[in-house]
file upload20.cif (mmCIF, C-alpha atoms)
data_entry
#
loop_
_atom_site.group_PDB
_atom_site.id
_atom_site.type_symbol
_atom_site.label_atom_id
_atom_site.label_comp_id
_atom_site.auth_asym_id
_atom_site.auth_seq_id
_atom_site.Cartn_x
_atom_site.Cartn_y
_atom_site.Cartn_z
ATOM 1 C CA MET A 1234 0.000 0.000 0.000
ATOM 2 C CA VAL A 1235 2.751 2.440 0.950
ATOM 3 C CA LYS A 1236 4.777 1.574 -2.147
ATOM 4 C CA ALA A 1237 1.702 2.225 -4.288
ATOM 5 C CA PHE A 1238 1.197 5.589 -2.544
ATOM 6 C CA ILE A 1239 4.817 6.624 -3.139
ATOM 7 C CA LYS A 1240 4.705 5.614 -6.803
ATOM 8 C CA HIS A 1241 1.245 6.689 -7.930
ATOM 9 C CA VAL A 1242 0.383 9.577 -5.589
ATOM 10 C CA LEU A 1243 3.850 11.055 -5.056
ATOM 11 C CA GLY A 1244 5.018 10.184 -8.581
ATOM 12 C CA VAL A 1245 8.278 8.462 -7.557
ATOM 13 C CA ASP A 1246 9.664 6.196 -10.335
ATOM 14 C CA SER A 1247 6.557 6.978 -12.353
ATOM 15 C CA ASP A 1248 5.831 8.637 -15.705
ATOM 16 C CA HIS A 1249 3.909 11.499 -14.082
ATOM 17 C CA GLU A 1250 4.410 14.106 -11.378
ATOM 18 C CA GLY A 1251 3.010 13.642 -7.895
ATOM 19 C CA ILE A 1252 0.083 15.627 -6.546
ATOM 20 C CA PHE A 1253 2.502 18.016 -4.801
ATOM 21 C CA GLY A 1254 4.773 18.427 -7.835
ATOM 22 C CA GLU A 1255 7.905 16.632 -8.999
ATOM 23 C CA THR A 1256 9.307 14.653 -6.084
ATOM 24 C CA SER A 1257 13.016 15.170 -5.454
ATOM 25 C CA ALA A 1258 13.381 12.920 -2.396
ATOM 26 C CA PHE A 1259 11.462 11.416 0.502
ATOM 27 C CA TYR A 1260 12.347 10.155 3.952
ATOM 28 C CA GLY A 1261 10.010 8.211 6.169
ATOM 29 C CA THR A 1262 9.080 5.091 8.029
ATOM 30 C CA VAL A 1263 6.102 2.796 8.349
ATOM 31 C CA GLU A 1264 4.789 1.847 11.771
ATOM 32 C CA GLN A 1265 2.417 -1.040 12.389
ATOM 33 C CA GLN A 1266 -0.379 0.013 14.686
ATOM 34 C CA GLY A 1267 -2.080 -2.136 17.298
ATOM 35 C CA ARG A 1268 -4.846 -2.945 14.816
ATOM 36 C CA LEU A 1269 -2.163 -4.145 12.347
ATOM 37 C CA THR A 1270 -2.776 -1.218 9.970
ATOM 38 C CA LEU A 1271 0.077 0.729 8.405
ATOM 39 C CA HIS A 1272 0.870 4.177 9.733
ATOM 40 C CA LEU A 1273 3.206 6.261 7.576
ATOM 41 C CA HIS A 1274 5.388 9.166 8.699
ATOM 42 C CA LEU A 1275 7.030 10.814 5.704
ATOM 43 C CA LEU A 1276 8.954 13.924 4.714
ATOM 44 C CA LEU A 1277 8.742 14.988 1.075
ATOM 45 C CA TRP A 1278 11.084 17.261 -0.875
ATOM 46 C CA ILE A 1279 9.807 18.949 -4.062
ATOM 47 C CA ARG A 1280 12.309 19.462 -6.869
ATOM 48 C CA GLY A 1281 13.355 23.083 -7.262
ATOM 49 C CA CYS A 1282 12.158 24.082 -3.799
ATOM 50 C CA LEU A 1283 14.094 26.937 -2.232
ATOM 51 C CA SER A 1284 15.591 26.982 1.250
ATOM 52 C CA PRO A 1285 13.471 28.452 4.096
ATOM 53 C CA ASP A 1286 15.783 31.497 4.262
ATOM 54 C CA GLU A 1287 15.447 32.197 0.544
ATOM 55 C CA ILE A 1288 11.662 31.774 0.678
ATOM 56 C CA LYS A 1289 11.487 34.181 3.619
ATOM 57 C CA ARG A 1290 13.530 36.777 1.733
ATOM 58 C CA ARG A 1291 11.318 36.585 -1.352
ATOM 59 C CA ILE A 1292 7.922 36.638 0.338
ATOM 60 C CA MET A 1293 8.765 39.791 2.292
ATOM 61 C CA ASP A 1294 7.940 41.726 -0.879
ATOM 62 C CA PRO A 1295 4.098 41.920 -0.921
ATOM 63 C CA SER A 1296 3.989 42.819 -4.616
ATOM 64 C CA SER A 1297 6.227 39.963 -5.745
ATOM 65 C CA GLU A 1298 4.963 37.374 -8.203
ATOM 66 C CA PHE A 1299 6.756 34.734 -6.119
ATOM 67 C CA GLN A 1300 4.594 35.440 -3.071
ATOM 68 C CA ARG A 1301 1.378 35.179 -5.101
ATOM 69 C CA GLN A 1302 2.404 31.894 -6.727
ATOM 70 C CA LEU A 1303 3.604 30.397 -3.445
ATOM 71 C CA VAL A 1304 0.301 31.249 -1.744
ATOM 72 C CA GLU A 1305 -1.671 29.709 -4.633
ATOM 73 C CA TYR A 1306 0.423 26.542 -4.429
ATOM 74 C CA LEU A 1307 0.121 26.120 -0.654
ATOM 75 C CA GLU A 1308 -3.631 26.762 -0.656
ATOM 76 C CA GLY A 1309 -3.996 24.280 -3.517
ATOM 77 C CA VAL A 1310 -2.146 21.326 -1.993
ATOM 78 C CA HIS A 1311 -3.514 21.422 1.556
ATOM 79 C CA LYS A 1312 -6.154 23.173 3.614
ATOM 80 C CA GLY A 1313 -7.350 23.488 7.191
ATOM 81 C CA GLU A 1314 -11.046 23.672 6.390
ATOM 82 C CA PHE A 1315 -13.811 21.828 4.574
ATOM 83 C CA ILE A 1316 -14.468 22.153 0.841
ATOM 84 C CA THR A 1317 -18.192 22.869 0.833
ATOM 85 C CA GLY A 1318 -18.685 24.983 3.971
ATOM 86 C CA THR A 1319 -18.146 25.316 7.692
ATOM 87 C CA GLN A 1320 -17.942 22.401 10.124
ATOM 88 C CA GLU A 1321 -21.509 23.097 11.276
ATOM 89 C CA TYR A 1322 -22.748 23.076 7.666
ATOM 90 C CA VAL A 1323 -20.930 19.824 6.861
ATOM 91 C CA HIS A 1324 -22.254 18.252 10.083
ATOM 92 C CA GLU A 1325 -25.847 18.994 9.046
ATOM 93 C CA LYS A 1326 -25.289 17.662 5.522
ATOM 94 C CA VAL A 1327 -23.699 14.456 6.812
ATOM 95 C CA MET A 1328 -26.500 13.911 9.332
ATOM 96 C CA ASP A 1329 -29.107 14.347 6.577
ATOM 97 C CA ALA A 1330 -27.234 11.982 4.261
ATOM 98 C CA GLU A 1331 -26.923 9.284 6.935
ATOM 99 C CA LYS A 1332 -30.722 9.159 7.181
ATOM 100 C CA GLN A 1333 -31.018 8.118 3.530
ATOM 101 C CA PRO A 1334 -31.419 4.359 2.899
ATOM 102 C CA ASP A 1335 -28.742 4.337 0.175
ATOM 103 C CA TYR A 1336 -26.103 6.118 2.289
ATOM 104 C CA MET A 1337 -22.753 4.355 2.605
ATOM 105 C CA ASP A 1338 -20.085 5.421 5.078
ATOM 106 C CA PRO A 1339 -17.186 6.616 2.867
ATOM 107 C CA THR A 1340 -14.620 5.403 5.423
ATOM 108 C CA GLU A 1341 -15.857 1.867 4.694
ATOM 109 C CA THR A 1342 -15.928 2.088 0.891
ATOM 110 C CA LEU A 1343 -13.416 2.489 -1.923
ATOM 111 C CA PRO A 1344 -13.013 5.775 -3.845
ATOM 112 C CA THR A 1345 -14.689 6.145 -7.223
ATOM 113 C CA PRO A 1346 -12.327 7.221 -10.037
ATOM 114 C CA PRO A 1347 -13.351 10.302 -12.025
ATOM 115 C CA PRO A 1348 -14.910 9.872 -15.474
ATOM 116 C CA VAL A 1349 -12.869 10.714 -18.553
ATOM 117 C CA PRO A 1350 -13.400 14.386 -19.494
ATOM 118 C CA CYS A 1351 -13.892 15.537 -23.062
ATOM 119 C CA ASN A 1352 -10.948 17.040 -24.946
ATOM 120 C CA THR A 1353 -12.407 20.552 -25.187
ATOM 121 C CA ARG A 1354 -13.956 20.848 -21.707
ATOM 122 C CA CYS A 1355 -17.112 22.189 -23.314
ATOM 123 C CA SER A 1356 -19.189 21.758 -20.104
ATOM 124 C CA THR A 1357 -22.238 20.673 -22.099
ATOM 125 C CA CYS A 1358 -21.504 17.136 -23.338
ATOM 126 C CA ASP A 1359 -22.225 13.912 -21.466
ATOM 127 C CA HIS A 1360 -18.575 13.575 -20.402
ATOM 128 C CA CYS A 1361 -18.526 17.041 -18.818
ATOM 129 C CA THR A 1362 -21.889 16.461 -17.154
ATOM 130 C CA ALA A 1363 -20.645 13.198 -15.646
ATOM 131 C CA LEU A 1364 -17.448 14.919 -14.454
ATOM 132 C CA GLU A 1365 -19.408 17.733 -12.817
ATOM 133 C CA LYS A 1366 -21.616 15.206 -11.032
ATOM 134 C CA TRP A 1367 -18.558 13.259 -9.857
ATOM 135 C CA THR A 1368 -16.876 16.452 -8.605
ATOM 136 C CA LYS A 1369 -19.853 17.308 -6.403
ATOM 137 C CA ARG A 1370 -19.838 13.767 -5.025
ATOM 138 C CA TYR A 1371 -16.073 13.961 -4.462
ATOM 139 C CA GLU A 1372 -16.397 17.214 -2.503
ATOM 140 C CA PHE A 1373 -19.170 15.854 -0.279
ATOM 141 C CA GLU A 1374 -17.439 12.521 0.356
ATOM 142 C CA THR A 1375 -14.144 14.246 1.178
ATOM 143 C CA ASP A 1376 -15.855 16.557 3.660
ATOM 144 C CA ASP A 1377 -17.684 13.561 5.137
ATOM 145 C CA ILE A 1378 -14.379 11.696 5.569
ATOM 146 C CA VAL A 1379 -12.601 14.690 7.136
ATOM 147 C CA PHE A 1380 -15.562 15.287 9.453
ATOM 148 C CA LYS A 1381 -15.558 11.657 10.608
ATOM 149 C CA THR A 1382 -11.794 11.225 10.963
ATOM 150 C CA ASN A 1383 -10.065 14.587 11.444
ATOM 151 C CA VAL A 1384 -12.220 16.631 13.823
ATOM 152 C CA HIS A 1385 -10.444 16.667 17.172
ATOM 153 C CA THR A 1386 -12.390 16.296 20.427
ATOM 154 C CA CYS A 1387 -10.601 16.945 23.702
ATOM 155 C CA GLY A 1388 -11.543 14.491 26.430
ATOM 156 C CA SER A 1389 -12.961 11.868 24.073
ATOM 157 C CA ASN A 1390 -11.845 9.213 26.581
ATOM 158 C CA LEU A 1391 -13.756 10.785 29.470
ATOM 159 C CA LYS A 1392 -17.300 10.606 30.742
ATOM 160 C CA ARG A 1393 -19.469 13.696 31.105
ATOM 161 C CA ASP A 1394 -18.425 14.046 34.740
ATOM 162 C CA GLY A 1395 -14.752 14.138 33.713
ATOM 163 C CA THR A 1396 -13.822 10.646 34.932
ATOM 164 C CA GLN A 1397 -12.128 7.969 32.811
ATOM 165 C CA ASP A 1398 -14.444 5.979 30.536
ATOM 166 C CA ALA A 1399 -13.637 2.288 31.068
ATOM 167 C CA ARG A 1400 -14.589 1.532 27.451
ATOM 168 C CA ARG A 1401 -12.033 4.079 26.216
ATOM 169 C CA ASN A 1402 -9.008 3.161 28.264
ATOM 170 C CA TRP A 1403 -6.339 5.353 26.696
ATOM 171 C CA VAL A 1404 -4.396 8.450 27.667
ATOM 172 C CA GLY A 1405 -6.203 11.556 26.465
ATOM 173 C CA CYS A 1406 -4.835 14.840 25.146
ATOM 174 C CA LEU A 1407 -5.666 16.596 28.433
ATOM 175 C CA ASP A 1408 -3.663 14.156 30.552
ATOM 176 C CA ASN A 1409 -1.080 16.651 31.808
ATOM 177 C CA VAL A 1410 -0.627 18.951 34.792
ATOM 178 C CA TRP A 1411 -1.766 21.989 32.800
ATOM 179 C CA ARG A 1412 -4.933 20.285 31.483
ATOM 180 C CA LYS A 1413 -4.164 21.701 28.048
ATOM 181 C CA CYS A 1414 -4.589 19.833 24.784
ATOM 182 C CA LYS A 1415 -1.303 18.147 23.844
ATOM 183 C CA ALA A 1416 -2.378 18.208 20.193
ATOM 184 C CA ARG A 1417 -2.591 22.044 20.370
ATOM 185 C CA PHE A 1418 -6.325 22.292 19.651
ATOM 186 C CA PRO A 1419 -8.104 24.566 19.035
ATOM 187 C CA ARG A 1420 -5.610 25.952 16.531
ATOM 188 C CA PRO A 1421 -5.383 29.509 15.164
ATOM 189 C CA THR A 1422 -7.505 30.340 12.127
ATOM 190 C CA PHE A 1423 -6.815 32.788 9.303
ATOM 191 C CA LYS A 1424 -9.425 34.152 6.889
ATOM 192 C CA THR A 1425 -6.780 34.655 4.211
ATOM 193 C CA THR A 1426 -3.156 33.662 3.810
ATOM 194 C CA GLU A 1427 -1.040 36.406 5.337
ATOM 195 C CA VAL A 1428 2.633 37.246 5.699
ATOM 196 C CA ASP A 1429 3.969 38.592 8.987
ATOM 197 C CA LEU A 1430 6.323 41.308 7.695
ATOM 198 C CA ALA A 1431 8.060 41.498 11.064
ATOM 199 C CA THR A 1432 9.122 37.829 11.122
ATOM 200 C CA GLY A 1433 8.563 36.630 7.553
ATOM 201 C CA ASN A 1434 6.256 33.891 8.840
ATOM 202 C CA LEU A 1435 3.595 32.736 6.365
ATOM 203 C CA ASN A 1436 0.220 31.941 7.933
ATOM 204 C CA VAL A 1437 -1.759 29.859 5.444
ATOM 205 C CA LYS A 1438 -5.523 30.322 5.210
ATOM 206 C CA LYS A 1439 -7.304 28.074 7.741
ATOM 207 C CA GLY A 1440 -11.004 28.227 8.536
ATOM 208 C CA GLU A 1441 -11.483 25.503 11.135
ATOM 209 C CA PRO A 1442 -9.872 25.451 14.597
ATOM 210 C CA TRP A 1443 -10.616 21.772 15.357
ATOM 211 C CA ILE A 1444 -9.042 20.061 12.330
ATOM 212 C CA ASN A 1445 -5.432 19.877 11.164
ATOM 213 C CA THR A 1446 -4.360 20.654 7.606
ATOM 214 C CA VAL A 1447 -5.155 17.922 5.092
ATOM 215 C CA SER A 1448 -4.839 17.223 1.387
ATOM 216 C CA PRO A 1449 -8.393 16.652 0.084
ATOM 217 C CA VAL A 1450 -7.133 14.259 -2.595
ATOM 218 C CA ILE A 1451 -5.268 12.108 -0.057
ATOM 219 C CA SER A 1452 -8.268 12.126 2.298
ATOM 220 C CA TYR A 1453 -10.503 10.982 -0.575
ATOM 221 C CA LEU A 1454 -8.098 8.225 -1.631
ATOM 222 C CA PHE A 1455 -7.227 6.807 1.790
ATOM 223 C CA ARG A 1456 -10.517 7.591 3.557
ATOM 224 C CA CYS A 1457 -8.953 7.883 7.005
ATOM 225 C CA ASN A 1458 -7.254 10.360 9.314
ATOM 226 C CA THR A 1459 -4.353 12.133 7.609
ATOM 227 C CA ASP A 1460 -2.159 15.153 8.283
ATOM 228 C CA VAL A 1461 -0.417 17.117 5.526
ATOM 229 C CA THR A 1462 1.711 20.094 6.541
ATOM 230 C CA SER A 1463 4.095 22.346 4.631
ATOM 231 C CA LEU A 1464 7.303 22.977 6.559
ATOM 232 C CA ARG A 1465 8.194 26.621 6.018
ATOM 233 C CA SER A 1466 11.007 27.100 8.530
ATOM 234 C CA GLY A 1467 14.268 25.408 9.424
ATOM 235 C CA THR A 1468 13.058 24.832 12.976
ATOM 236 C CA ALA A 1469 9.932 23.005 11.769
ATOM 237 C CA ILE A 1470 11.973 20.841 9.391
ATOM 238 C CA LYS A 1471 14.438 19.851 12.137
ATOM 239 C CA GLY A 1472 11.573 19.067 14.517
ATOM 240 C CA VAL A 1473 9.816 16.765 12.060
ATOM 241 C CA LEU A 1474 13.107 15.104 11.067
ATOM 242 C CA LEU A 1475 13.662 14.274 14.733
ATOM 243 C CA TYR A 1476 10.073 13.020 15.078
ATOM 244 C CA VAL A 1477 10.360 10.736 12.048
ATOM 245 C CA SER A 1478 13.840 9.576 13.092
ATOM 246 C CA ASN A 1479 12.420 8.457 16.432
ATOM 247 C CA TYR A 1480 10.164 6.061 14.533
ATOM 248 C CA VAL A 1481 12.980 4.888 12.254
ATOM 249 C CA THR A 1482 15.118 3.999 15.279
ATOM 250 C CA LYS A 1483 12.271 2.628 17.373
ATOM 251 C CA PRO A 1484 13.769 -0.327 19.283
ATOM 252 C CA ALA A 1485 11.659 -3.356 20.158
ATOM 253 C CA LEU A 1486 8.334 -4.482 18.778
ATOM 254 C CA LYS A 1487 5.315 -4.177 21.013
ATOM 255 C CA THR A 1488 4.191 -7.324 22.801
ATOM 256 C CA HIS A 1489 0.886 -7.641 20.943
ATOM 257 C CA ILE A 1490 2.715 -7.464 17.584
ATOM 258 C CA ILE A 1491 5.198 -10.149 18.654
ATOM 259 C CA PHE A 1492 2.418 -12.532 19.710
ATOM 260 C CA ASP A 1493 0.440 -11.821 16.549
ATOM 261 C CA THR A 1494 3.506 -12.653 14.445
ATOM 262 C CA ILE A 1495 3.982 -15.935 16.339
ATOM 263 C CA ARG A 1496 0.322 -16.773 15.818
ATOM 264 C CA SER A 1497 0.626 -16.060 12.081
ATOM 265 C CA MET A 1498 3.651 -18.364 11.809
ATOM 266 C CA PHE A 1499 1.751 -21.275 13.423
ATOM 267 C CA GLN A 1500 -1.194 -20.711 11.116
ATOM 268 C CA LYS A 1501 0.967 -21.062 7.980
#

call {"tool": "encode", "arguments": {"input": "upload20.cif", "output": "structure tokens"}}
result
Amino acid sequence: MVKAFIKHVLGVDSDHEGIFGETSAFYGTVEQQGRLTLHLHLLLWIRGCLSPDEIKRRIMDPSSEFQRQLVEYLEGVHKGEFITGTQEYVHEKVMDAEKQPDYMDPTETLPTPPPVPCNTRCSTCDHCTALEKWTKRYEFETDDIVFKTNVHTCGSNLKRDGTQDARRNWVGCLDNVWRKCKARFPRPTFKTTEVDLATGNLNVKKGEPWINTVSPVISYLFRCNTDVTSLRSGTAIKGVLLYVSNYVTKPALKTHIIFDTIRSMFQK
């Protein structure tokens, strides 16, 4: 699965570019979760990308063509909001859809490939009509997936009175002396992408405080929780490199994985 993602979605050793552009390099590791599903941590380099210092120097000019193109690119490859509306709007639409007898949970189905468009994009032929219908379905399904898998809830392992729920026996995000969310939710929102001229920091447009940034295409394809972030500073890059390296050098397997492997060997 991961090899297919790297080849077909990221465009590595393929005859086409990836969804983020031409891939120059990648660095990552795959972790096996307790439910035996793959969990990928990956850093991606895009060919021709400038260093954080050079990007900072160029975006400080508000009238530069570079700043406009960079903002368009970042807003196009990932977003911290839903496609069709606010979280409240998407919630209502999903609730209405779930009441329909033909509704299918998108996290339990496979994605539908888009129809072949016509050569002229005339918007009136059967091909264009089918593509427009598919696009609307794609937008709703993607929002449905993000709503079901990416909306963070602090204290999801607690009862209403604040005590531990025995059915959800895991450490929650508020399990610290400060009682603050370890996942940093709610996160800051920005109506438009803006540049802090004092620091050169680029704050990408983000409309929802309770979801992380995602790539709609990846959410639609994998139909699960994902996190896609652009690293725009040297500090952020070093931090994520350390985070991924911790998984690469992770020592022993967990006990439940060891026993499951032994069980699989006896079954063969």

call {"tool": "resolve_selection", "arguments": {"input": "upload20.cif", "expression": "the PyMOL selection byres ((chain A and resi 1379) around 9)", "output": "PyMOL selection string"}}
result
chain A and resi 1315+1374-1378+1380-1384+1444+1447+1449+1452-1453+1456-1459

call {"tool": "axis_aligned_box", "arguments": {"input": "upload20.cif", "around": "stretch 1338-1344 of chain A", "padding_each_side": "6 Å", "output": "AutoDock Vina command-line options"}}
result
--center_x -16.5 --center_y 4.2 --center_z 0.8 --size_x 19.1 --size_y 16.7 --size_z 21.3

call {"tool": "residues_near_point", "arguments": {"input": "upload20.cif", "point": "(-13.9, 12.0, -20.4)", "cutoff": "12 Å", "atoms": "all atoms listed in the file", "output": "PyMOL selection string"}}
result
chain A and resi 1346-1356+1358-1365+1367

call {"tool": "residues_around", "arguments": {"input": "upload20.cif", "residues": "A:His1311", "least_positions_apart": "2", "cutoff": "10 Å", "atoms": "only C-alpha atoms", "output": "list in words"}}
result
Phe1253, Tyr1306, Leu1307, Glu1308, Gly1309, Gly1313, Glu1314, Val1437, Lys1438, Lys1439, Asn1445, Thr1446, Val1447, Ser1448, Pro1449, Val1450, Ile1451, Asp1460, Val1461, Thr1462 and Ser1463 of chain A

call {"tool": "closest_residue", "arguments": {"input": "upload20.cif", "among": "A:Cys1414, A:Leu1430, A:Met1328, A:Leu1276", "to": "A:Val1473", "atoms": "only C-alpha atoms"}}
result
A:Leu1276

call {"tool": "resolve_selection", "arguments": {"input": "upload20.cif", "expression": "the PyMOL selection byres ((chain A and resi 1238-1252) around 10)", "output": "ChimeraX atom specification"}}
result
/A:1234-1237,1253-1259,1277,1279,1310,1448,1450-1451,1454-1455

call {"tool": "residues_around", "arguments": {"input": "upload20.cif", "residues": "A:Asn1436", "least_positions_apart": "5", "cutoff": "10 Å", "atoms": "only C-alpha atoms", "output": "list of chain:residue names"}}
result
A:Val1304, A:Pro1421, A:Thr1422, A:Phe1423, A:Lys1424, A:Thr1425, A:Thr1426, A:Glu1427, A:Val1428, A:Asp1429, A:Arg1465

call {"tool": "atom_distance", "arguments": {"input": "upload20.cif", "atom1": "atom CA of A:Leu1435", "atom2": "atom CA of A:Phe1373"}}
result
29.1 Å

call {"tool": "atom_distance", "arguments": {"input": "upload20.cif", "atom1": "atom CA of A:Gln1320", "atom2": "atom CA of A:Leu1273"}}
result
26.7 Å

call {"tool": "closest_residue", "arguments": {"input": "upload20.cif", "among": "A:His1274, A:Arg1412, A:Arg1290, A:Lys1326", "to": "A:Tyr1476", "atoms": "all atoms listed in the file"}}
result
A:His1274

call {"tool": "residues_near_point", "arguments": {"input": "upload20.cif", "point": "(10.9, 40.0, 1.0)", "cutoff": "12 Å", "atoms": "all atoms listed in the file", "output": "list of chain:residue names"}}
result
A:Asp1286, A:Glu1287, A:Ile1288, A:Lys1289, A:Arg1290, A:Arg1291, A:Ile1292, A:Met1293, A:Asp1294, A:Pro1295, A:Ser1296, A:Ser1297, A:Glu1298, A:Phe1299, A:Gln1300, A:Val1428, A:Asp1429, A:Leu1430, A:Ala1431, A:Thr1432, A:Gly1433, A:Asn1434, A:Leu1435

call {"tool": "write_last_selection", "arguments": {"input": "upload20.cif", "atoms": "C-alpha atoms", "output": "tab-separated table (two decimals), in the coordinates of the input"}}
result
chain	number	residue	atom	x	y	z
A	1286	ASP	CA	15.78	31.50	4.26
A	1287	GLU	CA	15.45	32.20	0.54
A	1288	ILE	CA	11.66	31.77	0.68
A	1289	LYS	CA	11.49	34.18	3.62
A	1290	ARG	CA	13.53	36.78	1.73
A	1291	ARG	CA	11.32	36.58	-1.35
A	1292	ILE	CA	7.92	36.64	0.34
A	1293	MET	CA	8.76	39.79	2.29
A	1294	ASP	CA	7.94	41.73	-0.88
A	1295	PRO	CA	4.10	41.92	-0.92
A	1296	SER	CA	3.99	42.82	-4.62
A	1297	SER	CA	6.23	39.96	-5.74
A	1298	GLU	CA	4.96	37.37	-8.20
A	1299	PHE	CA	6.76	34.73	-6.12
A	1300	GLN	CA	4.59	35.44	-3.07
A	1428	VAL	CA	2.63	37.25	5.70
A	1429	ASP	CA	3.97	38.59	8.99
A	1430	LEU	CA	6.32	41.31	7.70
A	1431	ALA	CA	8.06	41.50	11.06
A	1432	THR	CA	9.12	37.83	11.12
A	1433	GLY	CA	8.56	36.63	7.55
A	1434	ASN	CA	6.26	33.89	8.84
A	1435	LEU	CA	3.60	32.74	6.36

call {"tool": "atom_distance", "arguments": {"input": "upload20.cif", "atom1": "atom CA of A:Thr1386", "atom2": "atom CA of A:Glu1441"}}
result
13.1 Å
